[in-house]
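Peer 1: See final23.txt below, with compact mmCIF, C-alpha atoms.
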# COMPACT_ATOMS: atom_id res chain seq x y z
CA MET A 1 -47.62 65.76 -111.62
CA LEU A 2 -45.00 65.73 -114.36
CA ARG A 3 -42.32 63.17 -114.44
CA LYS A 4 -38.67 64.23 -114.14
CA SER A 5 -37.94 63.51 -117.87
CA GLN A 6 -41.01 65.52 -118.92
CA LYS A 7 -39.86 68.45 -116.77
CA PHE A 8 -36.42 68.30 -118.32
CA ALA A 9 -37.89 68.22 -121.83
CA SER A 10 -40.05 71.26 -121.18
CA VAL A 11 -37.08 73.22 -119.79
CA LEU A 12 -35.08 72.27 -122.87
CA ALA A 13 -37.88 73.41 -125.15
CA LEU A 14 -38.07 76.71 -123.30
CA LEU A 15 -34.32 77.22 -123.59
CA ALA A 16 -34.41 76.40 -127.31
CA ALA A 17 -37.21 78.89 -127.85
CA LEU A 18 -35.26 81.56 -125.95
CA GLY A 19 -32.11 80.79 -127.95
CA LEU A 20 -34.02 81.11 -131.21
CA ALA A 21 -35.47 84.44 -130.17
CA THR A 22 -32.07 85.86 -129.18
CA SER A 23 -30.36 84.65 -132.33
CA SER A 24 -33.08 86.21 -134.48
CA ILE A 25 -32.53 89.54 -132.65
CA ALA A 26 -28.77 89.27 -133.02
CA SER A 27 -28.97 88.56 -136.73
CA GLY A 28 -31.63 91.24 -137.08
CA HIS A 29 -28.99 93.81 -138.07
CA GLY A 30 -29.32 94.01 -141.84
CA ASP A 31 -32.16 91.51 -141.82
CA GLU A 32 -34.89 92.17 -144.39
CA LYS A 33 -37.57 92.16 -141.70
CA HIS A 34 -35.55 94.56 -139.52
CA ASN A 35 -34.94 96.98 -142.39
CA ASN A 36 -38.66 97.32 -142.83
CA SER A 37 -39.16 98.26 -139.18
CA ARG A 38 -40.07 101.78 -138.17
CA VAL A 39 -36.49 102.64 -137.28
CA PRO A 40 -34.18 102.52 -140.30
CA VAL A 41 -30.81 100.80 -139.80
CA PRO A 42 -27.94 103.34 -140.09
CA LYS A 43 -26.07 103.22 -143.38
CA HIS A 44 -22.89 105.10 -142.36
CA HIS A 45 -22.04 106.96 -145.51
CA THR A 46 -18.75 108.80 -145.33
CA ALA A 47 -17.89 111.12 -148.14
CA LYS A 48 -14.22 111.83 -147.48
CA GLY A 49 -11.14 109.85 -146.57
CA GLU A 50 -10.35 106.15 -146.76
CA LYS A 51 -10.26 105.31 -143.09
CA CYS A 52 -11.04 106.89 -139.77
CA VAL A 53 -8.50 108.04 -137.17
CA GLU A 54 -9.08 104.79 -135.26
CA PRO A 55 -10.38 101.35 -136.38
CA THR A 56 -14.12 101.37 -137.08
CA ASP A 57 -15.14 99.10 -134.19
CA VAL A 58 -13.07 101.18 -131.76
CA MET A 59 -14.70 104.35 -133.02
CA ARG A 60 -18.19 102.86 -132.82
CA SER A 61 -17.86 102.05 -129.15
CA ASN A 62 -15.43 104.72 -127.97
CA HIS A 63 -15.82 107.87 -130.10
CA MET A 64 -17.47 109.71 -127.22
CA GLU A 65 -14.51 108.97 -124.94
CA PHE A 66 -12.07 110.35 -127.52
CA ILE A 67 -13.92 113.60 -128.01
CA LEU A 68 -14.54 114.01 -124.29
CA HIS A 69 -10.83 113.64 -123.54
CA GLN A 70 -9.89 115.96 -126.39
CA ARG A 71 -12.39 118.64 -125.37
CA ASP A 72 -10.85 119.04 -121.89
CA LYS A 73 -7.33 119.22 -123.28
CA THR A 74 -8.38 121.78 -125.88
CA VAL A 75 -10.43 124.05 -123.64
CA HIS A 76 -8.17 124.02 -120.59
CA GLN A 77 -4.69 123.50 -122.02
CA GLY A 78 -5.01 124.86 -125.53
CA ILE A 79 -3.94 121.54 -127.08
CA ARG A 80 -5.46 121.57 -130.52
CA THR A 81 -4.32 118.37 -132.19
CA LYS A 82 -6.50 117.21 -135.04
CA GLN A 83 -6.77 113.45 -134.53
CA HIS A 84 -9.64 113.34 -132.05
CA SER A 85 -11.05 116.83 -132.53
CA LEU A 86 -14.74 117.29 -133.23
CA LYS A 87 -13.84 119.65 -136.06
CA ASN A 88 -11.95 116.79 -137.69
CA CYS A 89 -14.90 114.40 -137.24
CA VAL A 90 -17.23 116.85 -138.95
CA ALA A 91 -14.74 117.64 -141.72
CA CYS A 92 -14.82 114.04 -142.99
CA HIS A 93 -18.30 112.87 -142.05
CA ALA A 94 -20.33 115.88 -143.22
CA ASP A 95 -22.57 115.45 -146.24
CA PRO A 96 -20.78 117.01 -149.24
CA ASP A 97 -23.88 119.00 -150.25
CA THR A 98 -25.36 120.20 -146.98
CA LYS A 99 -21.90 120.22 -145.28
CA SER A 100 -23.76 118.92 -142.20
CA VAL A 101 -23.41 115.77 -140.09
CA LEU A 102 -27.07 116.01 -139.09
CA LYS A 103 -28.83 116.28 -142.44
CA ASN A 104 -28.16 114.85 -145.89
CA ALA A 105 -29.05 116.48 -149.18
CA ASP A 106 -31.86 113.96 -149.79
CA GLY A 107 -33.51 114.98 -146.53
CA SER A 108 -32.40 111.87 -144.63
CA GLU A 109 -30.49 112.07 -141.35
CA GLY A 110 -26.75 112.74 -141.55
CA PHE A 111 -23.84 110.60 -140.34
CA CYS A 112 -24.13 111.42 -136.63
CA ALA A 113 -27.89 111.87 -136.50
CA GLU A 114 -28.95 108.58 -138.09
CA CYS A 115 -26.99 106.35 -135.72
CA HIS A 116 -27.95 108.44 -132.70
CA SER A 117 -31.63 108.18 -133.67
CA TYR A 118 -31.26 104.43 -134.10
CA THR A 119 -29.74 104.01 -130.66
CA ALA A 120 -31.94 106.73 -129.12
CA VAL A 121 -28.99 108.64 -127.66
CA LYS A 122 -29.23 112.41 -127.67
CA ILE A 123 -26.21 114.24 -129.11
CA ASP A 124 -25.20 117.25 -127.04
CA CYS A 125 -22.35 118.46 -129.27
CA PHE A 126 -24.39 120.43 -131.76
CA GLY A 127 -26.28 122.54 -129.25
CA CYS A 128 -23.16 124.71 -129.17
CA HIS A 129 -20.82 123.43 -131.89
CA THR A 130 -21.72 123.89 -135.52
CA ASP A 131 -22.75 120.72 -137.33
CA LYS A 132 -21.30 122.09 -140.54
CA ALA A 133 -17.84 121.61 -141.99
CA ASN A 134 -15.76 124.61 -143.05
CA SER A 135 -18.65 126.92 -142.31
CA ASN A 136 -16.51 130.00 -142.13
CA LYS A 137 -13.42 129.52 -144.16
CA GLN A 138 -12.42 129.05 -147.74
CA THR A 139 -11.20 125.58 -148.51
CA MET A 140 -8.02 125.19 -150.51
CA ARG A 141 -8.78 124.46 -154.13
CA PRO A 142 -6.57 123.24 -156.95
CA ILE A 143 -5.37 126.06 -159.20
CA ASP A 144 -8.00 126.82 -161.85
CA ASP A 145 -7.78 128.87 -165.08
CA ILE A 146 -8.25 132.20 -163.28
CA GLY A 147 -5.48 131.27 -160.85
CA ARG A 148 -3.13 130.39 -163.70
CA LYS A 149 -3.87 133.73 -165.37
CA VAL A 150 -3.07 135.62 -162.16
CA ILE A 151 0.18 133.69 -161.75
CA ALA A 152 1.13 134.40 -165.38
CA ASN A 153 0.37 138.13 -165.04
CA THR A 154 2.12 138.66 -161.73
CA GLY A 155 5.03 136.36 -162.34
CA GLY A 156 4.04 133.95 -159.60
CA ALA A 157 3.61 134.26 -155.89
CA LYS A 158 6.00 136.68 -154.26
CA MET B 159 -1.49 116.63 -150.75
CA THR B 160 -3.06 119.50 -148.90
CA VAL B 161 -1.02 121.83 -146.77
CA SER B 162 -2.67 123.23 -143.67
CA ARG B 163 -2.31 126.88 -142.82
CA ARG B 164 0.01 126.07 -139.94
CA GLU B 165 2.25 123.89 -142.08
CA PHE B 166 2.35 126.57 -144.75
CA LEU B 167 3.32 129.20 -142.16
CA SER B 168 5.99 127.03 -140.59
CA ILE B 169 7.56 126.46 -144.01
CA GLY B 170 7.49 130.23 -144.51
CA ALA B 171 8.96 130.82 -141.05
CA ALA B 172 11.77 128.35 -141.71
CA ALA B 173 12.52 130.07 -145.02
CA THR B 174 12.61 133.49 -143.33
CA ALA B 175 14.85 132.21 -140.57
CA GLY B 176 17.22 130.88 -143.23
CA ALA B 177 17.35 134.27 -144.91
CA ALA B 178 19.04 136.00 -141.98
CA ILE B 179 21.47 138.79 -142.89
CA ALA B 180 24.38 137.20 -141.13
CA PRO B 181 24.71 134.30 -138.70
CA GLY B 182 23.05 135.34 -135.47
CA ILE B 183 21.44 138.45 -136.92
CA SER B 184 17.96 138.31 -138.40
CA LEU B 185 15.70 141.13 -139.47
CA ILE B 186 12.71 140.17 -137.37
CA ASP B 187 12.54 138.09 -134.25
CA LEU B 188 10.20 135.27 -135.16
CA ALA B 189 7.23 134.88 -132.88
CA GLN B 190 7.53 131.51 -131.21
CA ALA B 191 4.24 129.96 -132.28
CA LYS B 192 3.07 127.10 -130.09
CA SER B 193 2.70 123.75 -131.82
CA PRO B 194 -0.83 122.25 -131.59
CA GLU B 195 0.19 119.43 -129.24
CA GLU B 196 1.87 121.78 -126.74
CA ALA B 197 -0.06 122.88 -123.67
CA VAL B 198 -0.14 126.58 -122.82
CA THR B 199 2.20 127.66 -120.04
CA ALA B 200 2.60 130.57 -117.67
CA ALA B 201 5.59 131.71 -119.75
CA GLN B 202 3.09 133.85 -121.64
CA ARG B 203 0.60 136.26 -120.24
CA TRP B 204 -1.67 137.64 -122.90
CA GLY B 205 -3.17 141.05 -122.43
CA LEU B 206 -4.50 144.18 -124.04
CA LEU B 207 -3.47 147.80 -123.77
CA ILE B 208 -6.17 150.28 -124.72
CA ASP B 209 -5.30 153.91 -125.38
CA THR B 210 -8.53 155.81 -124.75
CA ASN B 211 -7.03 158.97 -126.29
CA LYS B 212 -7.01 157.18 -129.63
CA CYS B 213 -10.42 155.57 -129.23
CA ASN B 214 -13.08 157.45 -131.21
CA LYS B 215 -16.49 158.19 -129.82
CA GLY B 216 -19.15 156.57 -131.98
CA CYS B 217 -16.75 154.09 -133.60
CA THR B 218 -17.84 150.50 -133.02
CA ALA B 219 -15.31 148.73 -135.26
CA CYS B 220 -14.01 146.56 -132.39
CA VAL B 221 -17.50 145.52 -131.30
CA ASP B 222 -18.53 144.68 -134.88
CA ALA B 223 -15.33 142.73 -135.52
CA CYS B 224 -15.85 140.77 -132.28
CA HIS B 225 -19.39 139.87 -133.35
CA THR B 226 -18.26 138.78 -136.82
CA GLU B 227 -15.32 136.76 -135.50
CA ASN B 228 -17.32 134.93 -132.86
CA GLY B 229 -20.58 134.57 -134.74
CA ILE B 230 -22.64 136.84 -132.47
CA ASP B 231 -25.68 137.91 -134.45
CA HIS B 232 -28.05 140.23 -132.60
CA GLU B 233 -30.46 140.13 -135.56
CA GLN B 234 -30.93 136.39 -135.08
CA LEU B 235 -32.05 136.84 -131.46
CA LYS B 236 -35.66 137.52 -130.61
CA GLY B 237 -35.27 138.58 -126.95
CA SER B 238 -35.05 142.10 -125.54
CA GLU B 239 -31.94 144.24 -125.96
CA ALA B 240 -31.08 143.69 -122.29
CA THR B 241 -30.59 139.96 -122.76
CA LYS B 242 -28.45 140.06 -125.90
CA PRO B 243 -24.82 138.99 -125.46
CA HIS B 244 -22.09 141.64 -125.30
CA TRP B 245 -18.47 140.57 -125.26
CA ILE B 246 -17.26 144.17 -125.68
CA ARG B 247 -19.18 147.29 -124.78
CA LYS B 248 -18.29 150.82 -125.77
CA VAL B 249 -18.56 152.89 -122.59
CA GLU B 250 -18.85 156.68 -122.78
CA VAL B 251 -17.46 158.53 -119.77
CA LYS B 252 -17.50 162.21 -118.85
CA ASP B 253 -15.60 164.12 -116.23
CA PRO B 254 -18.30 166.29 -114.57
CA ASN B 255 -15.71 168.83 -113.39
CA THR B 256 -14.07 169.55 -116.72
CA GLY B 257 -16.66 168.29 -119.17
CA PHE B 258 -14.02 166.09 -120.83
CA GLU B 259 -15.66 163.15 -122.60
CA HIS B 260 -14.13 160.00 -123.94
CA SER B 261 -15.16 156.51 -124.84
CA LEU B 262 -13.49 153.19 -124.20
CA PRO B 263 -14.10 149.55 -125.05
CA VAL B 264 -14.66 147.33 -121.99
CA MET B 265 -14.43 143.57 -122.32
CA CYS B 266 -13.39 140.73 -119.98
CA GLN B 267 -10.36 142.15 -118.18
CA HIS B 268 -8.74 138.70 -117.88
CA CYS B 269 -7.93 139.18 -114.18
CA GLN B 270 -5.19 137.06 -112.67
CA GLU B 271 -7.28 136.92 -109.48
CA PRO B 272 -10.64 136.45 -111.20
CA PRO B 273 -13.75 136.73 -108.98
CA CYS B 274 -15.75 134.76 -111.57
CA VAL B 275 -13.46 131.77 -111.02
CA ASP B 276 -13.71 132.12 -107.23
CA VAL B 277 -17.50 131.86 -107.23
CA CYS B 278 -18.05 129.22 -109.93
CA PRO B 279 -19.64 126.15 -108.31
CA THR B 280 -18.64 123.69 -111.05
CA GLY B 281 -15.17 124.83 -112.12
CA ALA B 282 -16.50 125.90 -115.51
CA SER B 283 -15.12 129.40 -115.04
CA PHE B 284 -11.35 129.05 -115.12
CA LYS B 285 -8.08 130.80 -115.93
CA ARG B 286 -5.75 129.22 -118.46
CA ASP B 287 -2.07 129.07 -117.60
CA ASP B 288 -1.36 131.87 -120.08
CA GLY B 289 -3.75 134.19 -118.23
CA ILE B 290 -6.84 133.93 -120.44
CA VAL B 291 -10.06 133.64 -118.42
CA LEU B 292 -12.64 131.38 -120.07
CA VAL B 293 -15.89 129.54 -119.47
CA ASP B 294 -15.80 125.80 -120.14
CA ARG B 295 -19.34 125.58 -121.45
CA HIS B 296 -19.24 121.80 -121.31
CA ILE B 297 -19.52 122.04 -117.53
CA CYS B 298 -21.26 125.41 -117.14
CA ILE B 299 -24.70 124.94 -115.58
CA GLY B 300 -25.83 128.48 -116.36
CA CYS B 301 -26.22 129.59 -112.73
CA ARG B 302 -24.85 133.07 -113.53
CA TYR B 303 -22.95 133.50 -110.25
CA CYS B 304 -19.95 134.64 -112.31
CA MET B 305 -22.04 137.36 -113.91
CA MET B 306 -22.90 138.69 -110.47
CA ALA B 307 -19.30 138.46 -109.27
CA CYS B 308 -17.74 140.24 -112.27
CA PRO B 309 -17.16 143.93 -111.47
CA TYR B 310 -16.90 144.74 -115.19
CA LYS B 311 -20.25 143.41 -116.44
CA ALA B 312 -18.16 141.41 -118.90
CA ARG B 313 -20.20 138.23 -119.03
CA SER B 314 -23.42 137.43 -120.86
CA PHE B 315 -25.89 134.61 -120.53
CA GLU B 316 -27.07 132.97 -123.70
CA HIS B 317 -30.88 132.96 -123.49
CA GLU B 318 -31.74 131.61 -126.92
CA ASP B 319 -30.93 128.73 -129.23
CA ILE B 320 -28.06 129.60 -131.53
CA THR B 321 -27.58 128.25 -135.03
CA ASP B 322 -24.77 128.70 -137.56
CA GLN B 323 -22.02 129.12 -135.01
CA LYS B 324 -18.45 129.62 -136.15
CA GLU B 325 -16.39 126.44 -136.16
CA HIS B 326 -13.86 127.97 -133.75
CA ALA B 327 -16.42 129.64 -131.46
CA PRO B 328 -19.02 127.20 -130.12
CA ARG B 329 -21.86 129.03 -128.38
CA GLY B 330 -25.13 127.73 -127.03
CA LYS B 331 -28.25 128.34 -124.97
CA GLY B 332 -28.10 128.05 -121.19
CA THR B 333 -24.44 128.90 -120.67
CA VAL B 334 -22.45 132.00 -119.80
CA GLU B 335 -19.97 133.47 -122.25
CA SER B 336 -17.54 136.34 -122.49
CA CYS B 337 -14.52 137.66 -124.37
CA THR B 338 -12.11 134.78 -124.98
CA LEU B 339 -9.28 137.11 -126.00
CA CYS B 340 -9.75 135.38 -129.38
CA VAL B 341 -8.20 132.25 -127.87
CA HIS B 342 -8.48 130.38 -131.19
CA LYS B 343 -6.37 133.06 -132.83
CA VAL B 344 -3.89 133.08 -129.95
CA ASP B 345 -3.45 129.29 -130.17
CA ARG B 346 -3.04 129.52 -133.93
CA GLY B 347 -0.23 132.04 -133.42
CA ASP B 348 -1.98 134.98 -135.13
CA GLY B 349 -0.58 137.32 -132.48
CA THR B 350 -3.65 139.55 -132.50
CA THR B 351 -7.35 139.67 -131.67
CA ALA B 352 -10.29 140.56 -133.90
CA CYS B 353 -10.87 143.86 -132.03
CA ALA B 354 -7.21 144.91 -132.20
CA GLU B 355 -7.10 144.07 -135.91
CA ALA B 356 -10.27 146.06 -136.64
CA CYS B 357 -9.03 149.07 -134.66
CA GLU B 358 -5.79 149.04 -136.61
CA GLU B 359 -7.66 148.78 -139.92
CA GLU B 360 -9.71 151.83 -138.93
CA GLY B 361 -6.42 153.65 -138.41
CA HIS B 362 -6.97 154.32 -134.69
CA ARG B 363 -4.52 151.78 -133.26
CA ALA B 364 -6.16 152.17 -129.84
CA ILE B 365 -6.06 148.45 -128.96
CA LEU B 366 -2.76 146.66 -128.63
CA PHE B 367 -2.60 142.91 -128.04
CA GLY B 368 0.49 141.10 -126.82
CA ASP B 369 2.42 139.06 -124.30
CA LEU B 370 2.95 141.04 -121.10
CA ASN B 371 5.59 138.52 -120.01
CA ASP B 372 7.77 139.03 -123.07
CA PRO B 373 9.96 142.07 -122.29
CA LYS B 374 10.58 142.64 -126.00
CA SER B 375 6.90 142.74 -127.01
CA GLU B 376 5.37 146.10 -127.93
CA ILE B 377 2.78 145.86 -125.15
CA ALA B 378 5.40 145.13 -122.47
CA ARG B 379 7.64 147.96 -123.70
CA THR B 380 4.71 150.39 -123.72
CA VAL B 381 3.44 149.52 -120.23
CA ARG B 382 7.02 149.96 -119.01
CA ALA B 383 7.35 153.40 -120.61
CA LYS B 384 3.91 154.93 -120.07
CA ALA B 385 1.54 155.36 -117.16
CA THR B 386 -1.25 152.84 -117.53
CA ARG B 387 -4.19 152.05 -115.30
CA ARG B 388 -6.66 149.29 -114.75
CA ILE B 389 -10.35 149.74 -114.09
CA ARG B 390 -11.19 149.34 -110.37
CA GLU B 391 -7.56 149.00 -109.34
CA ASP B 392 -8.76 149.08 -105.72
CA LEU B 393 -10.04 145.51 -106.11
CA ASN B 394 -6.50 144.20 -106.71
CA LEU B 395 -7.60 141.73 -109.36
CA ASP B 396 -4.40 142.10 -111.41
CA ASN B 397 -6.19 142.63 -114.73
CA SER B 398 -4.43 141.80 -118.00
CA VAL B 399 -6.30 144.61 -119.75
CA ARG B 400 -4.76 148.01 -119.14
CA TYR B 401 -5.84 151.49 -120.19
CA ILE B 402 -4.04 154.71 -121.02
CA GLY B 403 -5.93 157.98 -120.41
CA ILE B 404 -8.46 156.95 -117.80
Any chance you could put this one into structure tokens?
Peer 2:
Amino acid sequence: MLRKSQKFASVLALLAALGLATSSIASGHGDEKHNNSRVPVPKHHTAKGEKCVEPTDVMRSNHMEFILHQRDKTVHQGIRTKQHSLKNCVACHADPDTKSVLKNADGSEGFCAECHSYTAVKIDCFGCHTDKANSNKQTMRPIDDIGRKVIANTGGAK
Amino acid sequence: MTVSRREFLSIGAAATAGAAIAPGISLIDLAQAKSPEEAVTAAQRWGLLIDTNKCNKGCTACVDACHTENGIDHEQLKGSEATKPHWIRKVEVKDPNTGFEHSLPVMCQHCQEPPCVDVCPTGASFKRDDGIVLVDRHICIGCRYCMMACPYKARSFEHEDITDQKEHAPRGKGTVESCTLCVHKVDRGDGTTACAEACEEEGHRAILFGDLNDPKSEIARTVRAKATRRIREDLNLDNSVRYIGI
């Protein structure tokens, strides 16, 4: 039978081992060992804009709440503000080449897809919504040489 | 700085309003476009007036425009013809007594007493305050009760996976869909629908879109002046789509 002090020591050792294990998991984000695991850590590349519509940590934990709230207001009440609209998410976070939030030009997973794969959460949005930005409209471009010629010939916009 | 379409239009509208002939008199009454943060209200009631005398047999401009606008691509779908989505159908009718034939486009009639809304078990089928009947596909479970309840065969079930949807018209497998009265265009303040635009471009002008609640609108003035009818009036569904010549 173990003595009381021995018992205490073994419990302490167990706790220490547990603590070590948890801290190694917690610091695993960005850890060399973790990066080499089968699931790549999301890199979060954003092509456009300097900052998101909400602080990054708020968006990370609550983006689904924002778009859920917005979707009901848009569909039922016709409120089409930009701030929390899915269209606006895709407009900034789409890859500039593929124009998609699911696939990057180098074949890797896009902004939404890579984090959702990492956390193993299925995205429902893109079963119906397009994952592509500006898929069906011309984006506004700065005036080029052809534009200047047209303006010169017609005497400007009337 | 980029200027959105809406901002550009509102600058234009303000400029036009400033260029009135005299105080209190302006050339055109400006359409009161809703701002994006405003909810729709029952002050408007959007509807269509279809003049079947002007509708040409064999012309499918409205159907094609609807497909282009909403990203409906029958070529992309592998299923049978019977399961492909139809938001507008061209219906050919013939009077057996006189032999008189004509054709008319039939889409969702945007009833004010919609049977599809009555039967929906989840609340996905609903009527917006401005009279547009829609399916909220976020909560549609694809049971197709609404399709059975609709007397106009206006709704379709999406049987297949869809890719390359339009940004403004999300569509996906396992849900029911129908004419949205181009709700994205209505909310943007375009004042028309894809089918009405296409019909006008063809020179037929058989489809007229407008606000039935605005006494000054062309549609309200026309329904006041001419005899119009609704399909299956006996059902008392108070449709927002009216027809001339049926």
Peer 1: Excluding A:Met64 and its own-chain neighbours fewer than 2 positions away, which residues fall within 12 Å of it when counting all atoms listed in the file? Please give them as a list in words.
Peer 2: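 Result of the neighbour search: Val58, Met59, Arg60, Ser61, Asn62, Phe66, Ile67, Leu68, His69, Gln70, Arg71, His84, Ser85, Leu86, Cys89, Cys112, His116, Val121, Ile123, Asp124 and Cys125 of chain A.
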Peer 1: When the cut-off is 12 Å and we count all atoms listed in the file, which residues of chain A are near chain B, given as a ChimeraX atom specification?
Peer 2: /A:67-88,90-91,99-100,124-142,158
Peer 1: What is the distance, in Å and to one decimal place, between atom CA of B:Ile365 and atom CA of B:Pro309?
Peer 2: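 Going from atom CA of B:Ile365 over to atom CA of B:Pro309 covers 21.2 Å.
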Peer 1: Can you list, as a list in words, every protein, DNA or RNA residue that comes within 7 Å of stretch 209-215 of chain B when you count only C-alpha atoms, leaving out same-chain residues fewer than 6 positions away?
Peer 2: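 In the requested format, the answer is His260, Ser261, Leu262, His362, Arg363, Ala364, Ile365, Tyr401, Ile402 and Gly403 of chain B.
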Peer 1: Name the residues, using the chain letters and numbers of the file, that sit within 7 Å of (-15.4, 118.2, -148.4) when counting only C-alpha atoms, and give them as a short mmCIF file (atom, residue, chain, number, x, y, z; two decimals) with C-alpha atoms, keeping the file's coordinate frame.
Peer 2:
data_model
loop_
_atom_site.label_atom_id
_atom_site.label_comp_id
_atom_site.auth_asym_id
_atom_site.auth_seq_id
_atom_site.Cartn_x
_atom_site.Cartn_y
_atom_site.Cartn_z
CA LYS A 48 -14.22 111.83 -147.48
CA ALA A 91 -14.74 117.64 -141.72
CA CYS A 92 -14.82 114.04 -142.99
CA PRO A 96 -20.78 117.01 -149.24
#
Peer 1: One number please: atom CA of B:Ala223 to atom CA of B:Ala352, in Å, one decimal.
Peer 2: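 So the answer is 5.7 Å.
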